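Peer 1: Before we start, here is the structure in question, set down as structure tokens.
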Amino acid sequence: MAAWKKWLVTIGMLLQGLIGGAIILLWTFRSEPWAQQIDNWLYSEYGQYTILALSGYLIFTALLTLGIAIFRPTTSRQLTIARDGASHLRIDRAAVENSVRHSIAHHEIYNPQTKVKLLKNRQMADVQVEGMLSSRTNLNLLESDIQSEIANNLENNYAIGLRKLNVNLKPYNHHDAVAVV
């Protein structure tokens with residue numbers, strides 16, 4: 001997780017803790033004169049707006065945290081594809097990327113690069129393919145061929161499905177170096 005995300009979560013949760021702590025202190029020491037003054041202010045019009053704003057902040061933070069926890073896909077560097085009791089068969093993301101890159105090598109795509117996100121909860125993968133087109137590449141069938149080959153490769157070799165494919169190919173440039181796969 002990025003450092004700015006950690007700080008944002010820390011500050012957001014610190015504010016929630018401070019609000020909760022203040023409410024507990026007001027409830028615990030409700031017979032004290034300072035607590036009664038704060039209670040009287042909270043019963044005023046501005047106090048009611050403050051309570052409304054703090055309640056809105058708490059509800060928004062709770063819904064945001066819950067939404068992130070539920071809807072964020074869980075990715076990993078390794079994916080368990082088979083279980084037999086205590087034994088687990090795991091595949092590495094780099095191995096899947098190399099396999100996908102080799103499966104599309106016969107399409108005459110220069111400098112192919114693949115990025116794979118392994119989704120643990122769904123047993124699926126998101127694949128991004130980048131590279132340069134050769135002048136002999138047939139563009140009409142290229143994307144559907146690449147999609148079917150990658151889907152077959154993932155299903156046959158690793159028993160995982162293809163959720164999303166992003167193909168980003170640029171035209172061949174004579175100034176770029178070409179690596180052979």
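Residues in the structure tokens are numbered from 1 in each chain, the chains being A, B, ... in the order shown, and ligands are numbered from 1 in the order shown.
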Quick one: which stretch 41-83 of chain A residues come within 12 Å of stretch 95-99 of chain A, and what is the nearest atom pair for each with the distance in Å to one decimal, counting only C-alpha atoms, rows ordered by chain and ascending number, as a Markdown table?
Peer 2:
```
| residue | atom | partner | partner_atom | distance |
| --- | --- | --- | --- | --- |
| A:Arg77 | CA | A:Ala95 | CA | 10.2 |
| A:Gln78 | CA | A:Ala95 | CA | 9.7 |
| A:Leu79 | CA | A:Val96 | CA | 10.2 |
```
Peer 1: Just asking: which residues within chain A are strand (DSSP E or B) according to DSSP, as a VMD selection string?
Peer 2: chain A and resid 75 to 76 78 to 84 87 to 92 109 to 119 124 to 133 161 to 171
Peer 1: Go ahead and dump the residues you just picked, N, CA and C atoms, as a CSV table (one decimal), in the first residue's frame.
Peer 2:
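New file selection-v2.csv:
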```csv
chain,number,residue,atom,x,y,z
A,75,THR,N,-5.9,-9.3,-5.0
A,75,THR,CA,-4.9,-9.8,-5.9
A,75,THR,C,-3.7,-10.3,-5.1
A,76,SER,N,-2.9,-11.2,-5.7
A,76,SER,CA,-1.8,-11.7,-5.0
A,76,SER,C,-0.7,-12.1,-6.0
A,78,GLN,N,0.9,-15.0,-5.8
A,78,GLN,CA,0.7,-16.4,-6.0
A,78,GLN,C,-0.8,-16.7,-5.8
A,79,LEU,N,-1.2,-17.7,-6.6
A,79,LEU,CA,-2.6,-18.1,-6.6
A,79,LEU,C,-2.7,-19.6,-6.4
A,80,THR,N,-3.5,-20.0,-5.4
A,80,THR,CA,-3.7,-21.4,-5.1
A,80,THR,C,-4.7,-21.9,-6.1
A,81,ILE,N,-4.3,-22.9,-6.9
A,81,ILE,CA,-5.2,-23.4,-8.0
A,81,ILE,C,-5.8,-24.8,-7.6
A,82,ALA,N,-5.2,-25.5,-6.7
A,82,ALA,CA,-5.7,-26.8,-6.3
A,82,ALA,C,-5.4,-27.1,-4.8
A,83,ARG,N,-6.3,-27.7,-4.1
A,83,ARG,CA,-6.2,-28.0,-2.7
A,83,ARG,C,-6.5,-29.5,-2.5
A,84,ASP,N,-5.7,-30.2,-1.7
A,84,ASP,CA,-6.0,-31.5,-1.4
A,84,ASP,C,-5.6,-31.7,0.1
A,87,SER,N,-2.3,-30.0,1.5
A,87,SER,CA,-1.5,-29.7,0.3
A,87,SER,C,-2.1,-28.7,-0.6
A,88,HIS,N,-1.4,-27.7,-1.0
A,88,HIS,CA,-1.8,-26.6,-1.9
A,88,HIS,C,-0.9,-26.5,-3.1
A,89,LEU,N,-1.5,-26.4,-4.2
A,89,LEU,CA,-0.7,-26.2,-5.4
A,89,LEU,C,-0.8,-24.7,-5.8
A,90,ARG,N,0.3,-24.0,-5.8
A,90,ARG,CA,0.3,-22.5,-6.1
A,90,ARG,C,1.1,-22.2,-7.3
A,91,ILE,N,0.6,-21.2,-8.0
A,91,ILE,CA,1.3,-20.8,-9.2
A,91,ILE,C,1.8,-19.3,-8.9
A,92,ASP,N,2.9,-19.0,-9.5
A,92,ASP,CA,3.5,-17.7,-9.3
A,92,ASP,C,3.0,-16.8,-10.5
A,109,ILE,N,4.4,-10.3,-32.8
A,109,ILE,CA,4.3,-9.1,-32.0
A,109,ILE,C,5.7,-8.9,-31.4
A,110,TYR,N,6.3,-7.7,-31.7
A,110,TYR,CA,7.7,-7.5,-31.2
A,110,TYR,C,7.6,-6.9,-29.8
A,111,ASN,N,8.6,-7.3,-29.0
A,111,ASN,CA,8.7,-6.8,-27.6
A,111,ASN,C,7.4,-7.0,-26.8
A,112,PRO,N,6.9,-8.2,-26.8
A,112,PRO,CA,5.7,-8.4,-26.0
A,112,PRO,C,5.9,-8.3,-24.5
A,113,GLN,N,5.1,-7.6,-23.8
A,113,GLN,CA,5.2,-7.5,-22.3
A,113,GLN,C,3.8,-7.8,-21.8
A,114,THR,N,3.8,-8.6,-20.8
A,114,THR,CA,2.5,-9.0,-20.2
A,114,THR,C,2.5,-8.6,-18.7
A,115,LYS,N,1.4,-8.2,-18.2
A,115,LYS,CA,1.1,-8.0,-16.8
A,115,LYS,C,-0.1,-8.7,-16.4
A,116,VAL,N,0.0,-9.5,-15.4
A,116,VAL,CA,-1.1,-10.3,-14.9
A,116,VAL,C,-1.5,-10.0,-13.5
A,117,LYS,N,-2.8,-9.8,-13.2
A,117,LYS,CA,-3.3,-9.7,-11.9
A,117,LYS,C,-4.0,-11.0,-11.5
A,118,LEU,N,-3.6,-11.7,-10.5
A,118,LEU,CA,-4.3,-12.9,-10.1
A,118,LEU,C,-5.3,-12.6,-9.0
A,119,LEU,N,-6.6,-12.8,-9.3
A,119,LEU,CA,-7.6,-12.5,-8.4
A,119,LEU,C,-7.9,-13.8,-7.5
A,124,MET,N,-9.6,-16.0,-11.1
A,124,MET,CA,-9.5,-15.5,-12.4
A,124,MET,C,-8.3,-14.6,-12.5
A,125,ALA,N,-8.0,-14.1,-13.8
A,125,ALA,CA,-6.9,-13.2,-14.0
A,125,ALA,C,-7.2,-12.1,-14.9
A,126,ASP,N,-6.7,-10.9,-14.6
A,126,ASP,CA,-6.7,-9.8,-15.5
A,126,ASP,C,-5.4,-9.7,-16.2
A,127,VAL,N,-5.4,-9.6,-17.6
A,127,VAL,CA,-4.2,-9.6,-18.3
A,127,VAL,C,-4.1,-8.3,-19.2
A,128,GLN,N,-2.9,-7.8,-19.2
A,128,GLN,CA,-2.6,-6.6,-20.0
A,128,GLN,C,-1.4,-7.0,-20.9
A,129,VAL,N,-1.6,-6.8,-22.2
A,129,VAL,CA,-0.6,-7.1,-23.2
A,129,VAL,C,-0.1,-5.9,-23.9
A,130,GLU,N,1.2,-5.6,-24.0
A,130,GLU,CA,1.7,-4.5,-24.7
A,130,GLU,C,2.8,-5.0,-25.6
A,131,GLY,N,3.0,-4.3,-26.7
A,131,GLY,CA,4.0,-4.7,-27.7
A,131,GLY,C,3.9,-3.8,-29.0
A,132,MET,N,4.7,-4.2,-30.0
A,132,MET,CA,4.7,-3.5,-31.2
A,132,MET,C,4.2,-4.5,-32.3
A,133,LEU,N,3.5,-4.0,-33.2
A,133,LEU,CA,3.0,-4.8,-34.3
A,133,LEU,C,4.0,-4.8,-35.4
A,161,GLY,N,-9.7,-18.6,-15.0
A,161,GLY,CA,-10.3,-18.0,-16.1
A,161,GLY,C,-9.8,-16.6,-16.4
A,162,LEU,N,-10.1,-16.1,-17.6
A,162,LEU,CA,-9.7,-14.7,-18.0
A,162,LEU,C,-10.9,-13.8,-17.7
A,163,ARG,N,-10.7,-12.9,-16.8
A,163,ARG,CA,-11.7,-11.9,-16.5
A,163,ARG,C,-11.7,-10.7,-17.4
A,164,LYS,N,-10.5,-10.1,-17.6
A,164,LYS,CA,-10.4,-8.9,-18.4
A,164,LYS,C,-9.1,-8.9,-19.2
A,165,LEU,N,-9.2,-8.5,-20.4
A,165,LEU,CA,-8.0,-8.5,-21.3
A,165,LEU,C,-7.8,-7.1,-21.8
A,166,ASN,N,-6.7,-6.5,-21.7
A,166,ASN,CA,-6.4,-5.2,-22.2
A,166,ASN,C,-5.2,-5.3,-23.2
A,167,VAL,N,-5.4,-5.1,-24.4
A,167,VAL,CA,-4.3,-5.2,-25.5
A,167,VAL,C,-4.0,-3.8,-25.9
A,168,ASN,N,-2.7,-3.5,-25.8
A,168,ASN,CA,-2.2,-2.2,-26.2
A,168,ASN,C,-1.0,-2.4,-27.1
A,169,LEU,N,-1.3,-2.3,-28.4
A,169,LEU,CA,-0.2,-2.6,-29.4
A,169,LEU,C,0.0,-1.3,-30.2
A,170,LYS,N,1.3,-0.9,-30.4
A,170,LYS,CA,1.6,0.2,-31.1
A,170,LYS,C,2.3,-0.2,-32.4
A,171,PRO,N,2.3,0.7,-33.5
A,171,PRO,CA,2.9,0.3,-34.7
A,171,PRO,C,4.4,0.2,-34.6
```
Peer 1: Report the residues of chain A whose backbone DSSP state falls under helix (DSSP H, G or I), written as a compact mmCIF listing (two decimals) with N, CA, C and O atoms, in the first residue's frame.
Peer 2:
```txt
# COMPACT_ATOMS: atom_id res chain seq x y z
N ALA A 3 2.31 4.98 0.74
CA ALA A 3 2.44 5.69 2.01
C ALA A 3 1.32 6.71 2.20
O ALA A 3 0.80 6.87 3.31
N TRP A 4 0.92 7.40 1.13
CA TRP A 4 -0.13 8.41 1.28
C TRP A 4 -1.46 7.77 1.65
O TRP A 4 -2.26 8.36 2.37
N LYS A 5 -1.70 6.53 1.17
CA LYS A 5 -2.93 5.84 1.54
C LYS A 5 -2.92 5.46 3.02
O LYS A 5 -3.93 5.57 3.70
N LYS A 6 -1.75 5.03 3.50
CA LYS A 6 -1.63 4.68 4.92
C LYS A 6 -1.87 5.91 5.79
O LYS A 6 -2.56 5.83 6.81
N TRP A 7 -1.31 7.05 5.42
CA TRP A 7 -1.51 8.27 6.19
C TRP A 7 -2.96 8.72 6.14
O TRP A 7 -3.52 9.17 7.15
N LEU A 8 -3.60 8.60 4.98
CA LEU A 8 -5.00 9.00 4.85
C LEU A 8 -5.90 8.14 5.74
O LEU A 8 -6.77 8.65 6.44
N VAL A 9 -5.66 6.84 5.73
CA VAL A 9 -6.45 5.94 6.58
C VAL A 9 -6.17 6.23 8.05
O VAL A 9 -7.09 6.26 8.88
N THR A 10 -4.91 6.47 8.39
CA THR A 10 -4.55 6.76 9.78
C THR A 10 -5.24 8.02 10.28
O THR A 10 -5.80 8.04 11.38
N ILE A 11 -5.21 9.08 9.48
CA ILE A 11 -5.83 10.34 9.90
C ILE A 11 -7.35 10.18 9.99
O ILE A 11 -7.97 10.66 10.94
N GLY A 12 -7.94 9.47 9.01
CA GLY A 12 -9.38 9.25 9.05
C GLY A 12 -9.82 8.46 10.28
O GLY A 12 -10.80 8.80 10.94
N MET A 13 -9.08 7.42 10.60
CA MET A 13 -9.42 6.62 11.77
C MET A 13 -9.08 7.35 13.07
O MET A 13 -9.76 7.16 14.08
N LEU A 14 -8.05 8.20 13.06
CA LEU A 14 -7.72 8.98 14.24
C LEU A 14 -8.85 9.95 14.56
O LEU A 14 -9.22 10.11 15.73
N LEU A 15 -9.42 10.59 13.54
CA LEU A 15 -10.55 11.48 13.77
C LEU A 15 -11.75 10.73 14.34
O LEU A 15 -12.44 11.23 15.23
N GLN A 16 -11.99 9.53 13.84
CA GLN A 16 -13.09 8.73 14.39
C GLN A 16 -12.82 8.40 15.86
O GLN A 16 -13.73 8.45 16.68
N GLY A 17 -11.59 8.05 16.17
CA GLY A 17 -11.24 7.74 17.56
C GLY A 17 -11.39 8.94 18.47
O GLY A 17 -11.87 8.82 19.60
N LEU A 18 -11.00 10.12 17.99
CA LEU A 18 -11.13 11.33 18.79
C LEU A 18 -12.60 11.68 19.03
O LEU A 18 -12.98 12.07 20.15
N ILE A 19 -13.41 11.53 18.01
CA ILE A 19 -14.85 11.81 18.17
C ILE A 19 -15.47 10.83 19.17
O ILE A 19 -16.20 11.22 20.08
N GLY A 20 -15.14 9.56 19.03
CA GLY A 20 -15.66 8.55 19.97
C GLY A 20 -15.17 8.79 21.38
O GLY A 20 -15.92 8.66 22.35
N GLY A 21 -13.90 9.14 21.52
CA GLY A 21 -13.35 9.42 22.85
C GLY A 21 -14.01 10.62 23.49
O GLY A 21 -14.30 10.62 24.70
N ALA A 22 -14.27 11.66 22.71
CA ALA A 22 -14.94 12.85 23.25
C ALA A 22 -16.36 12.52 23.71
O ALA A 22 -16.81 12.99 24.77
N ILE A 23 -17.06 11.70 22.93
CA ILE A 23 -18.42 11.31 23.32
C ILE A 23 -18.41 10.48 24.60
O ILE A 23 -19.24 10.68 25.50
N ILE A 24 -17.45 9.58 24.72
CA ILE A 24 -17.36 8.77 25.94
C ILE A 24 -17.02 9.64 27.14
O ILE A 24 -17.59 9.47 28.23
N LEU A 25 -16.12 10.62 26.97
CA LEU A 25 -15.79 11.52 28.07
C LEU A 25 -17.00 12.35 28.49
O LEU A 25 -17.24 12.55 29.69
N LEU A 26 -17.77 12.85 27.50
CA LEU A 26 -18.96 13.63 27.85
C LEU A 26 -19.99 12.77 28.59
O LEU A 26 -20.66 13.24 29.51
N TRP A 27 -20.13 11.54 28.20
CA TRP A 27 -21.09 10.67 28.86
C TRP A 27 -20.62 10.29 30.27
O TRP A 27 -21.40 10.21 31.20
N THR A 28 -19.31 10.03 30.39
CA THR A 28 -18.77 9.61 31.69
C THR A 28 -18.82 10.75 32.71
O THR A 28 -19.18 10.55 33.87
N PRO A 33 -19.26 20.53 35.46
CA PRO A 33 -19.72 21.79 34.87
C PRO A 33 -19.26 21.98 33.42
O PRO A 33 -20.02 22.48 32.58
N TRP A 34 -18.04 21.57 33.09
CA TRP A 34 -17.56 21.74 31.71
C TRP A 34 -18.34 20.85 30.74
O TRP A 34 -18.60 21.23 29.61
N ALA A 35 -18.73 19.66 31.20
CA ALA A 35 -19.51 18.76 30.35
C ALA A 35 -20.93 19.30 30.15
O ALA A 35 -21.50 19.17 29.06
N GLN A 36 -21.49 19.93 31.18
CA GLN A 36 -22.82 20.52 31.04
C GLN A 36 -22.79 21.71 30.10
O GLN A 36 -23.74 21.93 29.34
N GLN A 37 -21.70 22.49 30.12
CA GLN A 37 -21.58 23.61 29.18
C GLN A 37 -21.50 23.10 27.74
O GLN A 37 -22.11 23.67 26.83
N ILE A 38 -20.74 22.04 27.54
CA ILE A 38 -20.63 21.46 26.18
C ILE A 38 -21.98 20.90 25.75
O ILE A 38 -22.40 21.06 24.60
N ASP A 39 -22.70 20.24 26.68
CA ASP A 39 -24.04 19.72 26.37
C ASP A 39 -24.99 20.86 25.98
O ASP A 39 -25.76 20.73 25.03
N ASN A 40 -24.94 21.96 26.73
CA ASN A 40 -25.80 23.11 26.40
C ASN A 40 -25.45 23.65 25.02
O ASN A 40 -26.35 24.04 24.27
N TRP A 41 -24.17 23.71 24.70
CA TRP A 41 -23.78 24.18 23.37
C TRP A 41 -24.24 23.21 22.28
O TRP A 41 -24.67 23.64 21.21
N LEU A 42 -24.16 21.91 22.57
CA LEU A 42 -24.61 20.92 21.59
C LEU A 42 -26.12 20.99 21.35
O LEU A 42 -26.59 20.62 20.27
N TYR A 43 -26.89 21.47 22.33
CA TYR A 43 -28.33 21.62 22.15
C TYR A 43 -28.67 22.88 21.36
O TYR A 43 -29.80 23.03 20.89
N GLU A 45 -28.35 25.67 18.11
CA GLU A 45 -28.47 25.45 16.66
C GLU A 45 -27.12 25.08 16.04
O GLU A 45 -27.03 24.14 15.24
N TYR A 46 -26.06 25.77 16.42
CA TYR A 46 -24.73 25.47 15.86
C TYR A 46 -24.22 24.10 16.34
O TYR A 46 -23.55 23.39 15.61
N GLY A 47 -24.56 23.76 17.56
CA GLY A 47 -24.19 22.45 18.07
C GLY A 47 -24.87 21.32 17.32
O GLY A 47 -24.27 20.27 17.05
N GLN A 48 -26.14 21.56 16.95
CA GLN A 48 -26.87 20.55 16.18
C GLN A 48 -26.26 20.37 14.79
O GLN A 48 -26.15 19.26 14.29
N TYR A 49 -25.83 21.48 14.18
CA TYR A 49 -25.15 21.39 12.88
C TYR A 49 -23.81 20.66 13.01
O TYR A 49 -23.42 19.88 12.13
N THR A 50 -23.13 20.89 14.12
CA THR A 50 -21.86 20.19 14.36
C THR A 50 -22.09 18.69 14.52
O THR A 50 -21.36 17.88 13.96
N ILE A 51 -23.11 18.34 15.27
CA ILE A 51 -23.44 16.91 15.45
C ILE A 51 -23.81 16.29 14.12
O ILE A 51 -23.40 15.17 13.79
N LEU A 52 -24.58 17.01 13.32
CA LEU A 52 -24.96 16.52 12.00
C LEU A 52 -23.74 16.31 11.11
O LEU A 52 -23.62 15.27 10.43
N ALA A 53 -22.80 17.25 11.11
CA ALA A 53 -21.59 17.12 10.29
C ALA A 53 -20.72 15.96 10.77
O ALA A 53 -20.22 15.18 9.95
N LEU A 54 -20.55 15.83 12.07
CA LEU A 54 -19.75 14.72 12.60
C LEU A 54 -20.40 13.37 12.32
O LEU A 54 -19.71 12.40 11.98
N SER A 55 -21.72 13.32 12.44
CA SER A 55 -22.43 12.06 12.13
C SER A 55 -22.30 11.72 10.66
O SER A 55 -22.09 10.55 10.29
N GLY A 56 -22.42 12.72 9.80
CA GLY A 56 -22.24 12.48 8.36
C GLY A 56 -20.84 11.99 8.05
O GLY A 56 -20.65 11.09 7.22
N TYR A 57 -19.83 12.57 8.72
CA TYR A 57 -18.45 12.12 8.51
C TYR A 57 -18.28 10.67 8.94
O TYR A 57 -17.66 9.87 8.22
N LEU A 58 -18.82 10.31 10.09
CA LEU A 58 -18.69 8.93 10.57
C LEU A 58 -19.40 7.95 9.64
O LEU A 58 -18.86 6.87 9.34
N ILE A 59 -20.58 8.30 9.17
CA ILE A 59 -21.31 7.41 8.27
C ILE A 59 -20.59 7.29 6.94
O ILE A 59 -20.44 6.19 6.39
N PHE A 60 -20.10 8.40 6.40
CA PHE A 60 -19.36 8.37 5.13
C PHE A 60 -18.10 7.52 5.24
O PHE A 60 -17.81 6.69 4.37
N THR A 61 -17.35 7.68 6.33
CA THR A 61 -16.13 6.89 6.52
C THR A 61 -16.44 5.41 6.66
O THR A 61 -15.75 4.57 6.10
N ALA A 62 -17.50 5.09 7.37
CA ALA A 62 -17.88 3.68 7.54
C ALA A 62 -18.31 3.07 6.21
O ALA A 62 -17.89 1.95 5.88
N LEU A 63 -19.12 3.79 5.44
CA LEU A 63 -19.57 3.26 4.15
C LEU A 63 -18.41 3.14 3.16
O LEU A 63 -18.34 2.18 2.39
N LEU A 64 -17.50 4.11 3.17
CA LEU A 64 -16.33 4.06 2.28
C LEU A 64 -15.44 2.86 2.63
O LEU A 64 -15.01 2.12 1.75
N THR A 65 -15.19 2.66 3.92
CA THR A 65 -14.36 1.53 4.34
C THR A 65 -15.03 0.20 3.99
O THR A 65 -14.37 -0.72 3.50
N LEU A 66 -16.31 0.11 4.22
CA LEU A 66 -17.03 -1.11 3.90
C LEU A 66 -17.04 -1.37 2.40
O LEU A 66 -16.84 -2.50 1.95
N GLY A 67 -17.26 -0.32 1.61
CA GLY A 67 -17.25 -0.48 0.15
C GLY A 67 -15.90 -0.92 -0.38
O GLY A 67 -15.82 -1.78 -1.27
N ILE A 68 -14.84 -0.34 0.14
CA ILE A 68 -13.50 -0.75 -0.29
C ILE A 68 -13.24 -2.20 0.09
O ILE A 68 -12.69 -2.97 -0.69
N ALA A 69 -13.63 -2.57 1.30
CA ALA A 69 -13.38 -3.94 1.75
C ALA A 69 -14.16 -4.96 0.93
O ALA A 69 -13.67 -6.05 0.65
N ILE A 70 -15.36 -4.62 0.51
CA ILE A 70 -16.20 -5.58 -0.20
C ILE A 70 -15.87 -5.63 -1.69
O ILE A 70 -15.73 -6.70 -2.27
N PHE A 71 -15.74 -4.48 -2.33
CA PHE A 71 -15.66 -4.44 -3.79
C PHE A 71 -14.26 -4.41 -4.37
O PHE A 71 -14.11 -4.51 -5.58
N ARG A 93 2.88 -15.50 -10.19
CA ARG A 93 2.44 -14.54 -11.19
C ARG A 93 3.45 -14.42 -12.33
O ARG A 93 3.07 -14.33 -13.51
N ALA A 94 4.74 -14.45 -12.04
CA ALA A 94 5.76 -14.34 -13.08
C ALA A 94 5.68 -15.53 -14.04
O ALA A 94 5.88 -15.36 -15.25
N ALA A 95 5.39 -16.72 -13.52
CA ALA A 95 5.26 -17.89 -14.39
C ALA A 95 4.06 -17.75 -15.32
O ALA A 95 4.14 -18.10 -16.50
N VAL A 96 2.98 -17.22 -14.82
CA VAL A 96 1.79 -17.01 -15.66
C VAL A 96 2.09 -15.95 -16.72
O VAL A 96 1.70 -16.11 -17.89
N GLU A 97 2.78 -14.88 -16.35
CA GLU A 97 3.13 -13.84 -17.32
C GLU A 97 4.02 -14.40 -18.43
O GLU A 97 3.80 -14.11 -19.61
N ASN A 98 5.01 -15.21 -18.09
CA ASN A 98 5.87 -15.82 -19.11
C ASN A 98 5.10 -16.76 -20.01
O ASN A 98 5.30 -16.79 -21.23
N SER A 99 4.20 -17.53 -19.43
CA SER A 99 3.41 -18.46 -20.23
C SER A 99 2.51 -17.72 -21.22
O SER A 99 2.40 -18.10 -22.38
N VAL A 100 1.89 -16.64 -20.76
CA VAL A 100 1.03 -15.85 -21.64
C VAL A 100 1.86 -15.20 -22.74
O VAL A 100 1.47 -15.18 -23.90
N ARG A 101 3.03 -14.69 -22.39
CA ARG A 101 3.90 -14.05 -23.38
C ARG A 101 4.34 -15.05 -24.45
O ARG A 101 4.35 -14.76 -25.64
N HIS A 102 4.66 -16.28 -24.06
CA HIS A 102 5.07 -17.30 -25.03
C HIS A 102 3.89 -17.81 -25.86
O HIS A 102 4.07 -18.23 -27.00
N SER A 103 2.68 -17.76 -25.30
CA SER A 103 1.53 -18.24 -26.07
C SER A 103 1.15 -17.30 -27.21
O SER A 103 0.57 -17.74 -28.20
N ALA A 105 3.47 -15.41 -28.85
CA ALA A 105 4.70 -15.07 -29.57
C ALA A 105 4.60 -15.34 -31.07
O ALA A 105 5.25 -14.66 -31.86
N HIS A 106 3.78 -16.29 -31.49
CA HIS A 106 3.71 -16.62 -32.91
C HIS A 106 2.89 -15.60 -33.72
O HIS A 106 2.79 -15.72 -34.93
N HIS A 107 2.33 -14.59 -33.08
CA HIS A 107 1.57 -13.56 -33.78
C HIS A 107 2.45 -12.45 -34.35
O HIS A 107 1.92 -11.46 -34.84
N LEU A 139 -4.57 -7.41 -38.65
CA LEU A 139 -5.23 -6.71 -37.56
C LEU A 139 -6.68 -7.12 -37.36
O LEU A 139 -7.23 -6.93 -36.28
N ASN A 140 -7.31 -7.67 -38.39
CA ASN A 140 -8.73 -8.00 -38.29
C ASN A 140 -9.00 -9.09 -37.25
O ASN A 140 -9.99 -9.04 -36.53
N LEU A 141 -8.17 -10.08 -37.19
CA LEU A 141 -8.41 -11.21 -36.29
C LEU A 141 -7.48 -11.23 -35.09
O LEU A 141 -7.56 -12.14 -34.26
N LEU A 142 -6.61 -10.24 -34.99
CA LEU A 142 -5.56 -10.29 -33.98
C LEU A 142 -6.11 -10.28 -32.56
O LEU A 142 -5.74 -11.13 -31.74
N GLU A 143 -6.99 -9.36 -32.24
CA GLU A 143 -7.45 -9.25 -30.86
C GLU A 143 -8.26 -10.47 -30.44
O GLU A 143 -8.09 -10.99 -29.34
N SER A 144 -9.14 -10.95 -31.30
CA SER A 144 -9.93 -12.13 -30.93
C SER A 144 -9.04 -13.36 -30.81
O SER A 144 -9.26 -14.20 -29.93
N ASP A 145 -8.01 -13.49 -31.69
CA ASP A 145 -7.08 -14.62 -31.58
C ASP A 145 -6.28 -14.54 -30.28
O ASP A 145 -6.10 -15.55 -29.59
N ILE A 146 -5.80 -13.35 -29.95
CA ILE A 146 -5.03 -13.18 -28.71
C ILE A 146 -5.92 -13.51 -27.51
O ILE A 146 -5.48 -14.21 -26.59
N GLN A 147 -7.15 -13.02 -27.51
CA GLN A 147 -8.03 -13.29 -26.38
C GLN A 147 -8.33 -14.78 -26.24
O GLN A 147 -8.28 -15.32 -25.14
N SER A 148 -8.62 -15.45 -27.34
CA SER A 148 -8.92 -16.88 -27.23
C SER A 148 -7.69 -17.68 -26.83
O SER A 148 -7.80 -18.62 -26.04
N GLU A 149 -6.51 -17.31 -27.33
CA GLU A 149 -5.30 -18.05 -26.95
C GLU A 149 -4.94 -17.84 -25.49
O GLU A 149 -4.53 -18.79 -24.81
N ILE A 150 -5.06 -16.62 -25.02
CA ILE A 150 -4.75 -16.37 -23.61
C ILE A 150 -5.76 -17.08 -22.71
O ILE A 150 -5.39 -17.69 -21.70
N ALA A 151 -7.04 -17.02 -23.07
CA ALA A 151 -8.06 -17.71 -22.27
C ALA A 151 -7.82 -19.21 -22.25
O ALA A 151 -7.92 -19.85 -21.18
N ASN A 152 -7.49 -19.79 -23.40
CA ASN A 152 -7.20 -21.23 -23.45
C ASN A 152 -5.95 -21.57 -22.66
O ASN A 152 -5.91 -22.60 -21.96
N ASN A 153 -4.93 -20.75 -22.76
CA ASN A 153 -3.68 -20.99 -22.03
C ASN A 153 -3.93 -20.98 -20.53
O ASN A 153 -3.48 -21.88 -19.81
N LEU A 154 -4.66 -19.98 -20.04
CA LEU A 154 -4.94 -19.90 -18.60
C LEU A 154 -5.81 -21.06 -18.13
O LEU A 154 -5.58 -21.62 -17.07
N GLU A 155 -6.80 -21.41 -18.93
CA GLU A 155 -7.72 -22.48 -18.54
C GLU A 155 -7.03 -23.85 -18.58
O GLU A 155 -7.16 -24.65 -17.65
N ASN A 156 -6.28 -24.12 -19.65
CA ASN A 156 -5.66 -25.43 -19.80
C ASN A 156 -4.46 -25.63 -18.88
O ASN A 156 -4.28 -26.71 -18.32
N ASN A 157 -3.64 -24.61 -18.72
CA ASN A 157 -2.41 -24.78 -17.93
C ASN A 157 -2.61 -24.56 -16.44
O ASN A 157 -1.93 -25.19 -15.63
N TYR A 158 -3.52 -23.64 -16.08
CA TYR A 158 -3.60 -23.25 -14.67
C TYR A 158 -5.00 -23.37 -14.08
O TYR A 158 -5.18 -23.08 -12.90
```
